[in-house]
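Remarks on the structure that follows.
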Amino acid sequence: MDFQNLCTFETFKQLWGHYGHEGNLRDVIEQEFTRMKGITYLDHAATTLYPESLVRDYCQDISRNVYGNPHSHNPSSRLTHDTVERVRYRVLQHFNATPEEYSVIFTSGCTAALKLVAESFPWRPQTESEAGSHFCYLTDSHTSVVGIRGLTSGRGVVTLPVSPQEVENRANCEAQGEDVICQTPHLFCYPAQSNFSGRKYPLSHTKGIQARRLYPACDHQGRWFVLLDAASHVSCSPLNLQDCPADFIPISFYKIFGFPTGLGALLVRNDTAGILKKTYFGGGTAAAYLSGEDYYVHVANISDRFEDGTVSFLDIIAVNHGFEALYRITGGMHNIQQHTFGLARYTYMLLSSLCHGNGRPVAQIYTEGQFESPSTQGAILNFNLMDSHGQIIGYSQVDRMASLCNIHVRTGCFCNTGACQSLLGITNQQMRRNLQAGHVCGDSIDLVDGQPTGSVRVSFGYMSTFEDCQKFLNFVAECFVEKPVTVDHVRLEKLKTATAASKGLNKDPPIKITNGEIYKVDEKEEPREVSLRGSGHRDSNGHGEAYTLTNIYIYPIKSCGAYEVHDWPVGPLGLLYDRGWMVVNGNGVCLSQKRETRLCLIRPQVHLPSNKLLLQASGMDTISLPLENNNQMHTSYRVCQSKVCGDRVETVDCGDEAASWLSDFLGQPCRLIRQSPDFTRAMKMRPIGAATSTSLSLVNEAQYLMINRASVELIRKLMSSRQDESEGDQLLDTQNVISRFRANLVIAGVEPFEEDNWSHLIIGNTHFMVAGLCGRCHMVGVDQDTGTKTKEPLMSLSVHRTGKVTFGVYLTHQLPEGSTTASVLSAGSLIKPEPPSS
């Protein structure tokens with residue numbers, strides 16, 4: 001059975017017997033999630049999506065009722081107070097707890113709840129007569145948990161990271177019980193579910209640590225408290241606090257409902273709350289205090305004691321509607337768990353069995369188990385893709401292609417460095433070297449020395465469908481698998497068998513698996529090698545046709561249309577006036593064709609003789625602006641701050657006439673700004689051999705972008721060969737493809753992609769250094785003539801380079817010493833390239 005036959009709902013039902021909730025899932029999507037049409041959302045571990053009825057009912061509630069400040073005693077305030085207390089009870093009910101056992105303290109989120117525990121826990125420093133407190137955490141913990149050590153380190157507290165294996169491997173067979181002699185408080189933190197891999201840790205660890213049977217509690221005297229980080233777990237799984245009576249449980253509500261954001265809670269055992277010591281006291285937390293003396297008595301109620309100031313009561317009211325919608329649509333968390341785990345398990349089985357045409361696996365999946373049961377694995381799948389040679393494909397490339405196909409995933413380390421290091425095999429030394437190489441948390445540097453710095457995560461929610469899995473798997477097969485697509489059926493059968501064998505061990509209802517026929521592995525076809533390199537490389541002497549500069553383009557306004565020139569001056573920032581201006585929205589955020597494709601229909605022209613920038617577009621009167629800043633502009637127009645590719649830039653507003661013209665054309669409030677002449681922005685890329693840093697205009701990465709007509713033509717032919725498989729896109733001509741790549745310099749007379757190997761080149765009498773390859777995003781799908789968006793040419797580029805989404809090279813010029821202006825570049829000039837030195 002081939003891959004496409006496995007990507008069917010019938011196969012899914014054979015592998016997992018649970019799908020949907022109380023009603024028809026298709027009806028739920030049509031009624032509650034119409035905004036998801038055309039989107040494959042697979043980032044539920046970051047935030048799930050709210051149903052439309054939740055927001056609708058919430059808006060009706062706050063529109064019909066008057067909710068006052070709950071600290072007052074008037075009728076509207078009493079209504080708020082009573083509603084908030086009702087929500088507290090409902091939160092406890094959801095986790096099978098009572099107000100006699102636990103208190104609910106509302107916070108701004110899970111991180112704030114963790115910070116509250118860190119600041120209030122009675123840490124004891126070590127003394128000569130008594131051991132100090134230990135702060136212990138599982139290495140597979142979120143940054144917000146590990147960050148507690150930032151507070152404890154200054155208080156003489158011992159920090160002890162614990163690997164998942166150590167908890168049970170170093171356990172004591174017998175419970176130690178409460179230490180009546182030593183009452184030193186210690187805190188052990190662990191996640192109910194890893195936000196990185198979805199691995200579920202035994203909830204029984206809670207009692208094991210409290211009883212001092214498990215490590216590290218069994219090795220250290222004192223009283224042990226447990227913080228169970230439940231934020232990831234409760235998004236798709238039930239949590240019964242009768243089974244795991246943790247002392248502290250932080251959560252965020254957007255993980256469960258999608259709305260409201262900015263609201264979380266800390267659940268605290270009432271018999272533990274007495275140990276917490278607050279220092280700051282805010283409004284509503286005091287029973288009495290004196291402003292002239294150091295006298296303060298806190299209120300008796302635990303929740304009131306720790307909720308400084310007025311709680312976000314309207315958001316809390318929204319939580320009530322969240323519970324209503326969740327149970328009405330799904331019937332409860334058990335149904336959600338069964339549904340989401342089935343989708344994750346099916347995706348895991350097929351992705352882990354998917355192979356390139358040469359038989360090599362497509363994915364390296366980071367998991368401790370094999371998705372046997374929802375009691376040990378959540379609805380999260382973490383992986384990296386590999387090419388047909390076994391090399392990791394950077395997660396940024398995968399993310400870029402997924403965005404092109406409107407598939408929403410998460411990439412990086414997911415604020416969980418411990419799990420990332422452990423599962424990807426990254427040592428502490430490598431982490432430090434990665435930082436020295438420029439990689440920081442949350443950036444797009446996905447590979448350092450060929451090794452991954454992070455991974456790709458897909459995650460499911462109760463509104464996820466089989467079609468979401470299907471689209472994701474087909475996306476991987478189409479964009480990253482060297483054809484023909486093959487499946488490791490032997491592995492697939494082993495995964496089925498492993499799940500069947502484990503079903504008797506699960507606390508969940510038995511997993512129904514129908515194995516069907518045992519598929520035989522088809523005889524493998526010879527792998528089809530596709531190369532974009534062409535048939536060979538010419539040497540630097542350039543036998544055959546000469547290398548020629550055929551076209552020069554400047555883009556005066558960033559993301560707007562190109563202006564072709566024949567002879568053009570080279571200034572200190574690159575081609576004169578290239579990306580000197582940009583359009584920002586009403587909030588001052590840069591607009592690009594990723595969000596506003598109609599920018600390409602604005603055709604700016606630079607008229608050097610009259611010193612004017614002309615703004616032109618169909619249906620609009622042409623207006624002009626001065627090319628140069630002057631003293632009047634500095635006094636008349638405001639200086640503002642903006643960002644380009646994460647860099648802060650200082651800009652000058654270009655006035656109301658340009659703003660009105662752009663706003664009328666684009667149909668939204670926006671303004672035109674230009675880079676301040678007094679501001680210098682340095683290029684992040686530093687070419688090998690560059691003696692000094694290079695200054696940039698408002699370009700993304702480098703002063704120039706160069707592409708090769710031979711490379712364009714090859715991509716165009718590949719698009720033509722894929723036309724039968726496409727979604728009806730019209731075949732693009734060469735010039736249309738060139739315009740989509742938005743290069744400054746277009747060259748001819750070269751083998752396809754030979755330019756990737758150059759280190760230096762000379763055009764006319766101007767010397768250039770190659771700064772790197774240009775990574776491509778879905779912006780190249782915008783037709784620069786019409787503003788419409790397609791998947792090409794990015795899809796063909798990715799498919800035939802197996803996920804390597806680069807096209808064109810970045811250049812920086814080398815000005816003669818002491819010169820601020822080099823020469824004039826002319827179309828038709830000869831080019832002399834140099835390959836990198838060995």
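Each chain of the structure tokens is named A, B, ... in the order shown, its residues numbered from 1; ligands are numbered from 1 in display order.
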Margin query: I need the helix (DSSP H, G or I) residues of stretch 218-363 of chain A per DSSP on the backbone, written as a ChimeraX atom specification.
Written below: /A:218-219,233-235,254-257,270-273,302-306,313-330,333-353
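For A:Gln735, the list of residues within 10 Å, based on only C-alpha atoms and with local chain neighbours fewer than 5 positions off taken out, reads Arg709, Val712, Glu713 and Arg740 of chain A.
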Item checked: Selection: 9 Å around stretch 91-93 of chain A, only C-alpha atoms, excl. self and same-chain fewer than 2 positions, as a list in words -> Arg86, Val87, Arg88, Tyr89, Phe95, Asn96, Ala97, Thr98, Pro99, Tyr102, Ser103, Val104, Leu267, Val319, Asn320 and Phe323 of chain A
Notebook entry, point to check: Excluding same-chain residues fewer than 5 positions from A:Ser695, what lies within 12 Å of it counting only C-alpha atoms, as a ChimeraX atom specification?
Noted result: /A:571-574,677,679-686,700-704,812-815,820
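Using only C-alpha atoms, the smallest distance between any of A:Met620, A:Ile365, A:Leu54, A:Cys182 and A:Leu424 comes from A:Ile365.
For A:Glu324, the set of protein, DNA and RNA residues having any atom at most 12 Å away, when counting only C-alpha atoms and skipping those fewer than 4 positions along the same chain, is Pro51, Ser53, Leu54, Val55, Asp57, Tyr58, Val87, Arg90, Val91, His94, Phe257, Ile317, Ala318, Val319, Asn320, Arg328, Ile329, Thr330, Gly331 and Gly332 of chain A.
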Leaving out A:Gly561 and any residue of its chain fewer than 3 positions from it, which residues lie within 10 Å of it when counting only C-alpha atoms, given as an mmCIF file with all heavy atoms, in the first residue's frame?
data_model
loop_
_atom_site.group_PDB
_atom_site.id
_atom_site.type_symbol
_atom_site.label_atom_id
_atom_site.label_comp_id
_atom_site.auth_asym_id
_atom_site.auth_seq_id
_atom_site.Cartn_x
_atom_site.Cartn_y
_atom_site.Cartn_z
ATOM 1 N N TYR A 553 17.816 46.826 -11.044
ATOM 2 C CA TYR A 553 16.553 47.290 -10.471
ATOM 3 C C TYR A 553 16.822 47.946 -9.118
ATOM 4 O O TYR A 553 17.622 47.456 -8.320
ATOM 5 C CB TYR A 553 15.575 46.130 -10.240
ATOM 6 C CG TYR A 553 15.160 45.399 -11.490
ATOM 7 C CD1 TYR A 553 15.781 44.209 -11.860
ATOM 8 C CD2 TYR A 553 14.132 45.878 -12.298
ATOM 9 C CE1 TYR A 553 15.400 43.513 -13.003
ATOM 10 C CE2 TYR A 553 13.733 45.197 -13.445
ATOM 11 C CZ TYR A 553 14.375 44.017 -13.795
ATOM 12 O OH TYR A 553 13.988 43.335 -14.919
ATOM 13 N N ILE A 554 16.132 49.058 -8.877
ATOM 14 C CA ILE A 554 16.105 49.602 -7.526
ATOM 15 C C ILE A 554 14.657 49.579 -7.055
ATOM 16 O O ILE A 554 13.720 49.565 -7.863
ATOM 17 C CB ILE A 554 16.692 51.033 -7.430
ATOM 18 C CG1 ILE A 554 15.838 52.027 -8.229
ATOM 19 C CG2 ILE A 554 18.136 51.060 -7.855
ATOM 20 C CD1 ILE A 554 16.198 53.476 -7.949
ATOM 21 N N TYR A 555 14.496 49.552 -5.751
ATOM 22 C CA TYR A 555 13.177 49.525 -5.124
ATOM 23 C C TYR A 555 13.149 50.687 -4.123
ATOM 24 O O TYR A 555 13.432 50.511 -2.941
ATOM 25 C CB TYR A 555 12.949 48.193 -4.414
ATOM 26 C CG TYR A 555 13.103 47.001 -5.333
ATOM 27 C CD1 TYR A 555 14.372 46.466 -5.612
ATOM 28 C CD2 TYR A 555 11.997 46.429 -5.942
ATOM 29 C CE1 TYR A 555 14.518 45.392 -6.472
ATOM 30 C CE2 TYR A 555 12.138 45.341 -6.803
ATOM 31 C CZ TYR A 555 13.404 44.838 -7.072
ATOM 32 O OH TYR A 555 13.542 43.770 -7.924
ATOM 33 N N PRO A 556 12.846 51.890 -4.622
ATOM 34 C CA PRO A 556 12.953 53.066 -3.744
ATOM 35 C C PRO A 556 12.178 52.904 -2.437
ATOM 36 O O PRO A 556 12.669 53.272 -1.376
ATOM 37 C CB PRO A 556 12.380 54.200 -4.611
ATOM 38 C CG PRO A 556 12.597 53.729 -6.024
ATOM 39 C CD PRO A 556 12.392 52.250 -5.976
ATOM 40 N N ILE A 557 10.955 52.355 -2.531
ATOM 41 C CA ILE A 557 10.144 52.131 -1.332
ATOM 42 C C ILE A 557 10.113 50.628 -1.052
ATOM 43 O O ILE A 557 9.721 49.843 -1.913
ATOM 44 C CB ILE A 557 8.716 52.674 -1.508
ATOM 45 C CG1 ILE A 557 8.747 54.160 -1.860
ATOM 46 C CG2 ILE A 557 7.896 52.434 -0.243
ATOM 47 C CD1 ILE A 557 7.377 54.760 -2.121
ATOM 48 N N LYS A 558 10.531 50.260 0.103
ATOM 49 C CA LYS A 558 10.600 48.861 0.497
ATOM 50 C C LYS A 558 9.252 48.164 0.269
ATOM 51 O O LYS A 558 8.204 48.676 0.654
ATOM 52 C CB LYS A 558 10.985 48.772 1.979
ATOM 53 C CG LYS A 558 11.228 47.368 2.506
ATOM 54 C CD LYS A 558 11.645 47.460 3.969
ATOM 55 C CE LYS A 558 11.849 46.082 4.567
ATOM 56 N NZ LYS A 558 12.995 45.384 3.940
ATOM 57 N N GLU A 564 13.325 49.927 -13.006
ATOM 58 C CA GLU A 564 14.484 49.446 -13.755
ATOM 59 C C GLU A 564 15.284 50.625 -14.290
ATOM 60 O O GLU A 564 14.722 51.586 -14.826
ATOM 61 C CB GLU A 564 14.059 48.535 -14.903
ATOM 62 C CG GLU A 564 15.252 47.932 -15.633
ATOM 63 C CD GLU A 564 14.876 46.885 -16.668
ATOM 64 O OE1 GLU A 564 13.658 46.720 -16.934
ATOM 65 O OE2 GLU A 564 15.788 46.227 -17.209
ATOM 66 N N ARG A 598 -0.841 44.434 -2.297
ATOM 67 C CA ARG A 598 -1.060 45.535 -3.234
ATOM 68 C C ARG A 598 0.070 46.558 -3.209
ATOM 69 O O ARG A 598 0.100 47.475 -4.034
ATOM 70 C CB ARG A 598 -2.402 46.217 -2.960
ATOM 71 C CG ARG A 598 -3.591 45.288 -3.156
ATOM 72 C CD ARG A 598 -4.923 46.000 -2.980
ATOM 73 N NE ARG A 598 -5.233 46.831 -4.129
ATOM 74 C CZ ARG A 598 -5.380 48.143 -4.079
ATOM 75 N NH1 ARG A 598 -5.211 48.785 -2.936
ATOM 76 N NH2 ARG A 598 -5.680 48.829 -5.161
ATOM 77 N N LEU A 599 1.012 46.419 -2.282
ATOM 78 C CA LEU A 599 2.173 47.305 -2.293
ATOM 79 C C LEU A 599 2.923 47.219 -3.617
ATOM 80 O O LEU A 599 3.505 48.212 -4.083
ATOM 81 C CB LEU A 599 3.123 46.939 -1.149
ATOM 82 C CG LEU A 599 2.723 47.400 0.264
ATOM 83 C CD1 LEU A 599 3.592 46.709 1.301
ATOM 84 C CD2 LEU A 599 2.837 48.914 0.396
ATOM 85 N N CYS A 600 2.935 46.031 -4.227
ATOM 86 C CA CYS A 600 3.689 45.870 -5.473
ATOM 87 C C CYS A 600 3.098 46.687 -6.609
ATOM 88 O O CYS A 600 3.762 46.932 -7.632
ATOM 89 C CB CYS A 600 3.764 44.390 -5.866
ATOM 90 S SG CYS A 600 2.188 43.672 -6.395
ATOM 91 N N LEU A 601 1.844 47.119 -6.468
ATOM 92 C CA LEU A 601 1.192 47.905 -7.526
ATOM 93 C C LEU A 601 1.551 49.385 -7.443
ATOM 94 O O LEU A 601 1.190 50.163 -8.324
ATOM 95 C CB LEU A 601 -0.323 47.723 -7.438
ATOM 96 C CG LEU A 601 -0.821 46.278 -7.514
ATOM 97 C CD1 LEU A 601 -2.342 46.232 -7.429
ATOM 98 C CD2 LEU A 601 -0.326 45.600 -8.799
ATOM 99 N N ILE A 602 2.225 49.770 -6.366
ATOM 100 C CA ILE A 602 2.738 51.141 -6.258
ATOM 101 C C ILE A 602 4.071 51.179 -6.993
ATOM 102 O O ILE A 602 4.985 50.418 -6.691
ATOM 103 C CB ILE A 602 2.920 51.549 -4.787
ATOM 104 C CG1 ILE A 602 1.568 51.517 -4.059
ATOM 105 C CG2 ILE A 602 3.561 52.925 -4.681
ATOM 106 C CD1 ILE A 602 1.675 51.712 -2.564
ATOM 107 N N ARG A 603 4.193 52.060 -7.983
ATOM 108 C CA ARG A 603 5.378 52.103 -8.844
ATOM 109 C C ARG A 603 6.170 53.391 -8.615
ATOM 110 O O ARG A 603 5.988 54.394 -9.316
ATOM 111 C CB ARG A 603 4.972 52.029 -10.320
ATOM 112 C CG ARG A 603 3.978 50.931 -10.668
ATOM 113 C CD ARG A 603 4.593 49.562 -10.583
ATOM 114 N NE ARG A 603 3.659 48.525 -11.024
ATOM 115 C CZ ARG A 603 3.917 47.236 -11.016
ATOM 116 N NH1 ARG A 603 5.107 46.826 -10.597
ATOM 117 N NH2 ARG A 603 3.024 46.355 -11.426
ATOM 118 N N PRO A 604 7.035 53.415 -7.627
ATOM 119 C CA PRO A 604 7.833 54.629 -7.398
ATOM 120 C C PRO A 604 8.932 54.791 -8.453
ATOM 121 O O PRO A 604 9.466 53.794 -8.957
ATOM 122 C CB PRO A 604 8.425 54.400 -6.006
ATOM 123 C CG PRO A 604 8.384 52.932 -5.790
ATOM 124 C CD PRO A 604 7.311 52.362 -6.651
ATOM 125 N N GLN A 605 9.229 56.009 -8.785
ATOM 126 C CA GLN A 605 10.325 56.307 -9.706
ATOM 127 C C GLN A 605 11.213 57.393 -9.100
ATOM 128 O O GLN A 605 10.710 58.312 -8.437
ATOM 129 C CB GLN A 605 9.798 56.797 -11.061
ATOM 130 C CG GLN A 605 9.101 55.719 -11.882
ATOM 131 C CD GLN A 605 8.768 56.212 -13.280
ATOM 132 O OE1 GLN A 605 9.211 57.284 -13.703
ATOM 133 N NE2 GLN A 605 7.975 55.439 -14.008
ATOM 134 N N GLN A 616 3.428 56.540 -8.065
ATOM 135 C CA GLN A 616 2.469 56.285 -9.129
ATOM 136 C C GLN A 616 1.748 54.974 -8.867
ATOM 137 O O GLN A 616 2.323 54.015 -8.342
ATOM 138 C CB GLN A 616 3.177 56.200 -10.485
ATOM 139 C CG GLN A 616 3.950 57.449 -10.874
ATOM 140 C CD GLN A 616 4.757 57.252 -12.150
ATOM 141 O OE1 GLN A 616 5.209 56.148 -12.433
ATOM 142 N NE2 GLN A 616 4.950 58.324 -12.902
ATOM 143 N N ALA A 617 0.469 54.921 -9.210
ATOM 144 C CA ALA A 617 -0.313 53.688 -9.141
ATOM 145 C C ALA A 617 -1.539 53.862 -10.006
ATOM 146 O O ALA A 617 -2.028 54.993 -10.206
ATOM 147 C CB ALA A 617 -0.713 53.366 -7.705
ATOM 148 N N SER A 739 10.787 38.967 -11.676
ATOM 149 C CA SER A 739 10.223 40.061 -10.888
ATOM 150 C C SER A 739 9.819 39.607 -9.489
ATOM 151 O O SER A 739 9.901 40.384 -8.534
ATOM 152 C CB SER A 739 9.010 40.667 -11.613
ATOM 153 O OG SER A 739 7.923 39.754 -11.640
ATOM 154 N N ARG A 742 12.675 39.817 -6.894
ATOM 155 C CA ARG A 742 12.969 41.193 -6.455
ATOM 156 C C ARG A 742 14.462 41.436 -6.237
ATOM 157 O O ARG A 742 14.899 41.917 -5.184
ATOM 158 C CB ARG A 742 12.167 41.523 -5.196
ATOM 159 C CG ARG A 742 10.655 41.515 -5.457
ATOM 160 C CD ARG A 742 9.855 41.798 -4.198
ATOM 161 N NE ARG A 742 10.144 43.089 -3.617
ATOM 162 C CZ ARG A 742 9.639 44.247 -4.025
ATOM 163 N NH1 ARG A 742 8.810 44.289 -5.065
ATOM 164 N NH2 ARG A 742 9.958 45.380 -3.431
ATOM 165 N N GLN A 784 4.042 40.314 -9.209
ATOM 166 C CA GLN A 784 4.363 41.736 -9.104
ATOM 167 C C GLN A 784 3.594 42.591 -10.101
ATOM 168 O O GLN A 784 3.612 43.825 -10.011
ATOM 169 C CB GLN A 784 5.868 41.944 -9.292
ATOM 170 C CG GLN A 784 6.723 41.245 -8.241
ATOM 171 C CD GLN A 784 6.472 41.778 -6.839
ATOM 172 O OE1 GLN A 784 6.702 42.942 -6.553
ATOM 173 N NE2 GLN A 784 5.982 40.909 -5.952
ATOM 174 N N ASP A 785 2.888 41.957 -11.033
ATOM 175 C CA ASP A 785 2.073 42.710 -11.995
ATOM 176 C C ASP A 785 0.636 42.884 -11.519
ATOM 177 O O ASP A 785 -0.023 43.867 -11.854
ATOM 178 C CB ASP A 785 2.069 42.015 -13.355
ATOM 179 C CG ASP A 785 3.443 41.993 -13.994
ATOM 180 O OD1 ASP A 785 4.202 42.977 -13.783
ATOM 181 O OD2 ASP A 785 3.778 41.011 -14.677
#
Notebook entry, point to check: Hey, what's within 12 Å of A:Phe768 if we count only C-alpha atoms and toss same-chain stuff fewer than 2 positions away? As JSON, numbers by chain, please?
Noted result: {"A": [570, 574, 687, 688, 689, 690, 694, 702, 703, 704, 705, 706, 745, 758, 759, 760, 761, 762, 763, 764, 765, 766, 770, 771, 809, 810, 811, 812, 813, 814, 815, 816, 822, 825, 831, 832, 833, 834]}
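Counting only C-alpha atoms and comparing A:Phe281, A:Leu718, A:Gln14, A:Glu307, the residue that lies closest to A:Tyr295 is A:Phe281.
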Margin query: Considering only strand (DSSP E or B) as DSSP defines it on the backbone, what residues of stretch 574-645 of chain A qualify? List them as a PyMOL selection string.
Written below: chain A and resi 574-575+581-585+590+605-607+612-615+623-626+639-644
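Atom CA of A:Asp308 to atom CA of A:Leu187 spans 23.8 Å [interatomic distance, one decimal].
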